[in-house]
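Next comes work09.cif, a file with mmCIF, N, CA and C atoms.
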data_my_file
loop_
_atom_site.group_PDB
_atom_site.id
_atom_site.type_symbol
_atom_site.label_atom_id
_atom_site.label_comp_id
_atom_site.auth_asym_id
_atom_site.auth_seq_id
_atom_site.Cartn_x
_atom_site.Cartn_y
_atom_site.Cartn_z
ATOM 1 N N MET L 1324 107.112 98.353 121.767
ATOM 2 C CA MET L 1324 108.037 98.872 120.767
ATOM 3 C C MET L 1324 108.057 100.389 120.884
ATOM 4 N N PRO L 1325 109.223 100.984 121.102
ATOM 5 C CA PRO L 1325 109.289 102.438 121.174
ATOM 6 C C PRO L 1325 109.057 103.024 119.798
ATOM 7 N N GLY L 1326 108.335 104.105 119.756
ATOM 8 C CA GLY L 1326 108.102 104.716 118.463
ATOM 9 C C GLY L 1326 107.319 105.999 118.579
ATOM 10 N N TRP L 1327 107.097 106.606 117.471
ATOM 11 C CA TRP L 1327 106.338 107.841 117.359
ATOM 12 C C TRP L 1327 105.608 107.764 116.049
ATOM 13 N N ARG L 1328 104.362 108.171 116.037
ATOM 14 C CA ARG L 1328 103.606 108.178 114.793
ATOM 15 C C ARG L 1328 102.883 109.502 114.695
ATOM 16 N N GLY L 1329 102.930 110.086 113.530
ATOM 17 C CA GLY L 1329 102.245 111.356 113.310
ATOM 18 C C GLY L 1329 102.140 111.629 111.836
ATOM 19 N N GLY L 1330 101.477 112.702 111.516
ATOM 20 C CA GLY L 1330 101.348 113.031 110.114
ATOM 21 C C GLY L 1330 100.615 114.338 109.930
ATOM 22 N N ALA L 1331 100.765 114.876 108.761
ATOM 23 C CA ALA L 1331 100.078 116.098 108.370
ATOM 24 C C ALA L 1331 100.099 116.155 106.858
ATOM 25 N N MET L 1332 99.191 116.907 106.308
ATOM 26 C CA MET L 1332 99.149 117.114 104.855
ATOM 27 C C MET L 1332 99.121 115.790 104.101
ATOM 28 N N GLY L 1333 98.427 114.788 104.649
ATOM 29 C CA GLY L 1333 98.277 113.522 103.949
ATOM 30 C C GLY L 1333 99.464 112.586 104.054
ATOM 31 N N ILE L 1334 100.481 112.958 104.835
ATOM 32 C CA ILE L 1334 101.657 112.100 104.997
ATOM 33 C C ILE L 1334 101.588 111.468 106.389
ATOM 34 N N GLU L 1335 101.611 110.148 106.458
ATOM 35 C CA GLU L 1335 101.650 109.459 107.747
ATOM 36 C C GLU L 1335 103.044 108.895 107.941
ATOM 37 N N LEU L 1336 103.671 109.267 109.060
ATOM 38 C CA LEU L 1336 105.044 108.862 109.355
ATOM 39 C C LEU L 1336 105.082 108.033 110.624
ATOM 40 N N ASP L 1337 106.090 107.182 110.725
ATOM 41 C CA ASP L 1337 106.304 106.366 111.914
ATOM 42 C C ASP L 1337 107.795 106.370 112.212
ATOM 43 N N ILE L 1338 108.147 106.571 113.471
ATOM 44 C CA ILE L 1338 109.547 106.485 113.911
ATOM 45 C C ILE L 1338 109.638 105.289 114.833
ATOM 46 N N ARG L 1339 110.560 104.386 114.527
ATOM 47 C CA ARG L 1339 110.697 103.144 115.287
ATOM 48 C C ARG L 1339 112.124 102.983 115.778
ATOM 49 N N GLY L 1340 112.247 102.569 117.043
ATOM 50 C CA GLY L 1340 113.538 102.199 117.588
ATOM 51 C C GLY L 1340 113.847 100.767 117.185
ATOM 52 N N ASN L 1341 115.022 100.539 116.605
ATOM 53 C CA ASN L 1341 115.368 99.234 116.043
ATOM 54 C C ASN L 1341 116.741 98.746 116.469
ATOM 55 N N VAL L 1342 116.949 97.456 116.265
ATOM 56 C CA VAL L 1342 118.262 96.825 116.377
ATOM 57 C C VAL L 1342 118.483 95.996 115.112
ATOM 58 N N LEU L 1343 119.744 95.701 114.845
ATOM 59 C CA LEU L 1343 120.092 94.826 113.728
ATOM 60 C C LEU L 1343 120.475 93.476 114.304
ATOM 61 N N ARG L 1344 119.702 92.419 113.948
ATOM 62 C CA ARG L 1344 119.969 91.062 114.429
ATOM 63 C C ARG L 1344 120.059 90.122 113.242
ATOM 64 N N ASP L 1345 121.181 89.462 113.121
ATOM 65 C CA ASP L 1345 121.384 88.485 112.047
ATOM 66 C C ASP L 1345 121.053 89.071 110.678
ATOM 67 N N GLY L 1346 121.428 90.330 110.475
ATOM 68 C CA GLY L 1346 121.221 90.978 109.187
ATOM 69 C C GLY L 1346 119.811 91.489 108.954
ATOM 70 N N HIS L 1347 118.953 91.445 109.976
ATOM 71 C CA HIS L 1347 117.568 91.900 109.845
ATOM 72 C C HIS L 1347 117.295 93.010 110.854
ATOM 73 N N VAL L 1348 116.524 93.998 110.425
ATOM 74 C CA VAL L 1348 116.112 95.081 111.306
ATOM 75 C C VAL L 1348 114.887 94.617 112.089
ATOM 76 N N GLU L 1349 114.962 94.777 113.425
ATOM 77 C CA GLU L 1349 113.853 94.380 114.290
ATOM 78 C C GLU L 1349 113.552 95.501 115.278
ATOM 79 N N PRO L 1350 112.272 95.706 115.606
ATOM 80 C CA PRO L 1350 111.922 96.698 116.624
ATOM 81 C C PRO L 1350 112.508 96.300 117.976
ATOM 82 N N SER L 1351 112.802 97.300 118.807
ATOM 83 C CA SER L 1351 113.428 97.004 120.095
ATOM 84 C C SER L 1351 113.067 98.052 121.140
ATOM 85 N N ASP L 1352 112.953 97.607 122.393
ATOM 86 C CA ASP L 1352 112.788 98.528 123.516
ATOM 87 C C ASP L 1352 114.122 99.144 123.929
ATOM 88 N N ALA L 1353 115.221 98.597 123.408
ATOM 89 C CA ALA L 1353 116.563 99.130 123.651
ATOM 90 C C ALA L 1353 117.238 99.349 122.293
ATOM 91 N N PRO L 1354 116.766 100.352 121.541
ATOM 92 C CA PRO L 1354 117.218 100.524 120.151
ATOM 93 C C PRO L 1354 118.680 100.921 120.011
ATOM 94 N N GLU L 1355 119.266 100.431 118.910
ATOM 95 C CA GLU L 1355 120.613 100.832 118.505
ATOM 96 C C GLU L 1355 120.554 102.023 117.556
ATOM 97 N N PHE L 1356 119.409 102.182 116.891
ATOM 98 C CA PHE L 1356 119.207 103.287 115.958
ATOM 99 C C PHE L 1356 117.700 103.492 115.771
ATOM 100 N N TRP L 1357 117.350 104.595 115.132
ATOM 101 C CA TRP L 1357 115.952 104.969 114.913
ATOM 102 C C TRP L 1357 115.692 105.100 113.420
ATOM 103 N N SER L 1358 114.580 104.539 112.965
ATOM 104 C CA SER L 1358 114.215 104.558 111.548
ATOM 105 C C SER L 1358 112.926 105.352 111.350
ATOM 106 N N VAL L 1359 112.866 106.069 110.224
ATOM 107 C CA VAL L 1359 111.670 106.816 109.855
ATOM 108 C C VAL L 1359 111.047 106.117 108.653
ATOM 109 N N TYR L 1360 109.727 105.888 108.746
ATOM 110 C CA TYR L 1360 108.969 105.226 107.686
ATOM 111 C C TYR L 1360 107.788 106.103 107.279
ATOM 112 N N ARG L 1361 107.366 105.985 106.019
ATOM 113 C CA ARG L 1361 106.195 106.688 105.500
ATOM 114 C C ARG L 1361 105.197 105.655 105.007
ATOM 115 N N ARG L 1362 103.922 105.857 105.340
ATOM 116 C CA ARG L 1362 102.881 104.950 104.856
ATOM 117 C C ARG L 1362 102.523 105.327 103.425
ATOM 118 N N GLU L 1363 102.583 104.341 102.542
ATOM 119 C CA GLU L 1363 102.253 104.526 101.136
ATOM 120 C C GLU L 1363 100.742 104.411 100.929
ATOM 121 N N GLN L 1364 100.272 104.782 99.758
ATOM 122 C CA GLN L 1364 98.841 104.728 99.454
ATOM 123 C C GLN L 1364 98.286 103.316 99.533
ATOM 124 N N ASP L 1365 99.117 102.313 99.292
ATOM 125 C CA ASP L 1365 98.649 100.921 99.350
ATOM 126 C C ASP L 1365 98.659 100.368 100.776
ATOM 127 N N GLY L 1366 99.053 101.207 101.762
ATOM 128 C CA GLY L 1366 99.059 100.799 103.155
ATOM 129 C C GLY L 1366 100.380 100.242 103.643
ATOM 130 N N CYS L 1367 101.328 100.007 102.747
ATOM 131 C CA CYS L 1367 102.643 99.481 103.138
ATOM 132 C C CYS L 1367 103.506 100.616 103.689
ATOM 133 N N TRP L 1368 104.420 100.257 104.600
ATOM 134 C CA TRP L 1368 105.344 101.231 105.158
ATOM 135 C C TRP L 1368 106.638 101.229 104.357
ATOM 136 N N CYS L 1369 107.106 102.407 103.957
ATOM 137 C CA CYS L 1369 108.320 102.584 103.161
ATOM 138 C C CYS L 1369 109.397 103.223 104.039
ATOM 139 N N TRP L 1370 110.548 102.550 104.155
ATOM 140 C CA TRP L 1370 111.668 103.090 104.921
ATOM 141 C C TRP L 1370 112.183 104.353 104.251
ATOM 142 N N LEU L 1371 112.473 105.399 105.049
ATOM 143 C CA LEU L 1371 113.016 106.642 104.514
ATOM 144 C C LEU L 1371 114.458 106.885 104.948
ATOM 145 N N ALA L 1372 114.748 106.694 106.249
ATOM 146 C CA ALA L 1372 116.096 107.021 106.730
ATOM 147 C C ALA L 1372 116.316 106.433 108.119
ATOM 148 N N ASP L 1373 117.594 106.259 108.485
ATOM 149 C CA ASP L 1373 117.987 105.817 109.824
ATOM 150 C C ASP L 1373 118.785 106.924 110.498
ATOM 151 N N PHE L 1374 118.684 106.976 111.830
ATOM 152 C CA PHE L 1374 119.385 107.988 112.612
ATOM 153 C C PHE L 1374 119.935 107.364 113.885
ATOM 154 N N ASP L 1375 121.007 107.962 114.409
ATOM 155 C CA ASP L 1375 121.622 107.475 115.646
ATOM 156 C C ASP L 1375 120.755 107.756 116.868
ATOM 157 N N THR L 1376 119.991 108.852 116.830
ATOM 158 C CA THR L 1376 119.182 109.217 117.994
ATOM 159 C C THR L 1376 117.728 109.448 117.597
ATOM 160 N N ARG L 1377 116.855 109.304 118.594
ATOM 161 C CA ARG L 1377 115.434 109.559 118.377
ATOM 162 C C ARG L 1377 115.215 111.033 118.029
ATOM 163 N N ALA L 1378 115.954 111.919 118.689
ATOM 164 C CA ALA L 1378 115.812 113.356 118.437
ATOM 165 C C ALA L 1378 116.098 113.694 116.977
ATOM 166 N N GLU L 1379 117.129 113.091 116.405
ATOM 167 C CA GLU L 1379 117.442 113.326 114.987
ATOM 168 C C GLU L 1379 116.301 112.830 114.098
ATOM 169 N N ALA L 1380 115.737 111.672 114.424
ATOM 170 C CA ALA L 1380 114.641 111.116 113.626
ATOM 171 C C ALA L 1380 113.405 111.997 113.706
ATOM 172 N N VAL L 1381 113.099 112.506 114.898
ATOM 173 C CA VAL L 1381 111.932 113.374 115.071
ATOM 174 C C VAL L 1381 112.128 114.682 114.305
ATOM 175 N N THR L 1382 113.332 115.244 114.351
ATOM 176 C CA THR L 1382 113.623 116.469 113.606
ATOM 177 C C THR L 1382 113.445 116.248 112.112
ATOM 178 N N TYR L 1383 113.954 115.140 111.595
ATOM 179 C CA TYR L 1383 113.808 114.796 110.177
ATOM 180 C C TYR L 1383 112.330 114.653 109.824
ATOM 181 N N ALA L 1384 111.580 113.908 110.627
ATOM 182 C CA ALA L 1384 110.160 113.686 110.364
ATOM 183 C C ALA L 1384 109.395 115.005 110.392
ATOM 184 N N GLY L 1385 109.740 115.881 111.320
ATOM 185 C CA GLY L 1385 109.089 117.175 111.398
ATOM 186 C C GLY L 1385 109.297 117.993 110.148
ATOM 187 N N GLY L 1386 110.462 117.886 109.545
ATOM 188 C CA GLY L 1386 110.748 118.598 108.304
ATOM 189 C C GLY L 1386 109.979 118.061 107.117
ATOM 190 N N LEU L 1387 109.579 116.801 107.182
ATOM 191 C CA LEU L 1387 108.842 116.191 106.067
ATOM 192 C C LEU L 1387 107.399 116.640 106.001
ATOM 193 N N HIS L 1388 106.807 116.922 107.152
ATOM 194 C CA HIS L 1388 105.403 117.310 107.120
ATOM 195 C C HIS L 1388 105.161 118.655 107.784
ATOM 196 N N GLY L 1389 106.217 119.393 107.961
ATOM 197 C CA GLY L 1389 106.264 120.598 108.517
ATOM 198 C C GLY L 1389 105.646 121.728 108.870
#
If you took the structure in this file and wrote it as structure tokens, what would it be?
Amino acid sequence: MPGWRGGAMGIELDIRGNVLRDGHVEPSDAPEFWSVYRREQDGCWCWLADFDTRAEAVTYAGGLHG
């Protein structure tokens, strides 16, 4: 699964390449879009935003923990 994970200042972020199949978002090695997620205190991942390109997602994530 293509992705990026990083964090700073107590924020853990994950960028995942995804596709939409039958109304569900699934990870993909050939992504249609990129999603940014934040790990919550309970350990669950919370979706933050979707982007057309990985570069846009990385820029957004960089601004969150900057």
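Pairwise distance (CA of Ala1384 in chain L, CA of Asp1345 in chain L) equals 27.6 Å.
Residue-level DSSP output for chain L, from the backbone, shows helix (DSSP H, G or I) at Arg1377, Ala1378, Glu1379, Ala1380, Val1381, Thr1382, Tyr1383, Ala1384, Gly1385, Gly1386, Leu1387 and His1388 of chain L.
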Q: Write down as number ranges by chain the residues of chain L whose backbone DSSP state falls under strand (DSSP E).
A: L: 1326-1331, 1334-1344, 1347-1350, 1356-1362, 1368-1374
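Of note, CA of His1347 in chain L and CA of Ala1378 in chain L are spaced 23.2 Å apart.
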Q. Can you tell me, as a PyMOL selection string, what residues are no more than 8 Å from Arg1362 in chain L when counting only N, CA and C atoms, ignoring any on the same chain fewer than 6 positions away?
A. chain L and resi 1333-1337+1368-1370
**Q.** Target residues per the PyMOL selection byres ((chain L and resi 1351) around 5), formatted as a ChimeraX atom specification
**A.** /L:1325,1340-1342,1349-1350,1352-1354
Q: Apply the PyMOL selection byres (((chain L and resi 1371 and name CA) around 9) and name CA) to the structure shown and report the selected residues as a list in words.
A: Ser1358, Val1359, Tyr1360, Arg1361, Cys1369, Trp1370, Ala1372 and Asp1373 of chain L
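For the pair CA of Gln1364 in chain L and CA of Gly1346 in chain L, the separation is 28.0 Å.
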What are the centre and the three edge lengths of an axis-aligned box that wraps all atoms of range 1364-1372 of chain L in the file, given that 3 Å is added to every side, written as AutoDock Vina command-line options and rounded to one decimal in Å?
--center_x 107.3 --center_y 103.3 --center_z 103.7 --size_x 24.0 --size_y 13.5 --size_z 14.8
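Closest approach to Phe1356 in chain L among L:Leu1343, L:Glu1379, L:Phe1374, L:Gly1386 is made by L:Phe1374 (distances from only C-alpha atoms).
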Generate the coordinates of N, CA, C and O atoms for range 1347-1359 of chain L; report them as a PDB file, keeping the file's coordinate frame.
ATOM      1  N   HIS L1347     118.953  91.445 109.976  1.00  0.00           N
ATOM      2  CA  HIS L1347     117.568  91.900 109.845  1.00  0.00           C
ATOM      3  C   HIS L1347     117.295  93.010 110.854  1.00  0.00           C
ATOM      4  O   HIS L1347     117.744  92.949 111.997  1.00  0.00           O
ATOM      5  N   VAL L1348     116.524  93.998 110.425  1.00  0.00           N
ATOM      6  CA  VAL L1348     116.112  95.081 111.306  1.00  0.00           C
ATOM      7  C   VAL L1348     114.887  94.617 112.089  1.00  0.00           C
ATOM      8  O   VAL L1348     113.917  94.137 111.509  1.00  0.00           O
ATOM      9  N   GLU L1349     114.962  94.777 113.425  1.00  0.00           N
ATOM     10  CA  GLU L1349     113.853  94.380 114.290  1.00  0.00           C
ATOM     11  C   GLU L1349     113.552  95.501 115.278  1.00  0.00           C
ATOM     12  O   GLU L1349     114.466  96.166 115.760  1.00  0.00           O
ATOM     13  N   PRO L1350     112.272  95.706 115.606  1.00  0.00           N
ATOM     14  CA  PRO L1350     111.922  96.698 116.624  1.00  0.00           C
ATOM     15  C   PRO L1350     112.508  96.300 117.976  1.00  0.00           C
ATOM     16  O   PRO L1350     112.673  95.113 118.250  1.00  0.00           O
ATOM     17  N   SER L1351     112.802  97.300 118.807  1.00  0.00           N
ATOM     18  CA  SER L1351     113.428  97.004 120.095  1.00  0.00           C
ATOM     19  C   SER L1351     113.067  98.052 121.140  1.00  0.00           C
ATOM     20  O   SER L1351     112.925  99.236 120.814  1.00  0.00           O
ATOM     21  N   ASP L1352     112.953  97.607 122.393  1.00  0.00           N
ATOM     22  CA  ASP L1352     112.788  98.528 123.516  1.00  0.00           C
ATOM     23  C   ASP L1352     114.122  99.144 123.929  1.00  0.00           C
ATOM     24  O   ASP L1352     114.146 100.087 124.711  1.00  0.00           O
ATOM     25  N   ALA L1353     115.221  98.597 123.408  1.00  0.00           N
ATOM     26  CA  ALA L1353     116.563  99.130 123.651  1.00  0.00           C
ATOM     27  C   ALA L1353     117.238  99.349 122.293  1.00  0.00           C
ATOM     28  O   ALA L1353     118.144  98.623 121.902  1.00  0.00           O
ATOM     29  N   PRO L1354     116.766 100.352 121.541  1.00  0.00           N
ATOM     30  CA  PRO L1354     117.218 100.524 120.151  1.00  0.00           C
ATOM     31  C   PRO L1354     118.680 100.921 120.011  1.00  0.00           C
ATOM     32  O   PRO L1354     119.228 101.624 120.851  1.00  0.00           O
ATOM     33  N   GLU L1355     119.266 100.431 118.910  1.00  0.00           N
ATOM     34  CA  GLU L1355     120.613 100.832 118.505  1.00  0.00           C
ATOM     35  C   GLU L1355     120.554 102.023 117.556  1.00  0.00           C
ATOM     36  O   GLU L1355     121.526 102.758 117.415  1.00  0.00           O
ATOM     37  N   PHE L1356     119.409 102.182 116.891  1.00  0.00           N
ATOM     38  CA  PHE L1356     119.207 103.287 115.958  1.00  0.00           C
ATOM     39  C   PHE L1356     117.700 103.492 115.771  1.00  0.00           C
ATOM     40  O   PHE L1356     116.894 102.677 116.203  1.00  0.00           O
ATOM     41  N   TRP L1357     117.350 104.595 115.132  1.00  0.00           N
ATOM     42  CA  TRP L1357     115.952 104.969 114.913  1.00  0.00           C
ATOM     43  C   TRP L1357     115.692 105.100 113.420  1.00  0.00           C
ATOM     44  O   TRP L1357     116.478 105.698 112.696  1.00  0.00           O
ATOM     45  N   SER L1358     114.580 104.539 112.965  1.00  0.00           N
ATOM     46  CA  SER L1358     114.215 104.558 111.548  1.00  0.00           C
ATOM     47  C   SER L1358     112.926 105.352 111.350  1.00  0.00           C
ATOM     48  O   SER L1358     112.025 105.298 112.181  1.00  0.00           O
ATOM     49  N   VAL L1359     112.866 106.069 110.224  1.00  0.00           N
ATOM     50  CA  VAL L1359     111.670 106.816 109.855  1.00  0.00           C
ATOM     51  C   VAL L1359     111.047 106.117 108.653  1.00  0.00           C
ATOM     52  O   VAL L1359     111.736 105.804 107.679  1.00  0.00           O
TER      53      VAL L1359
END
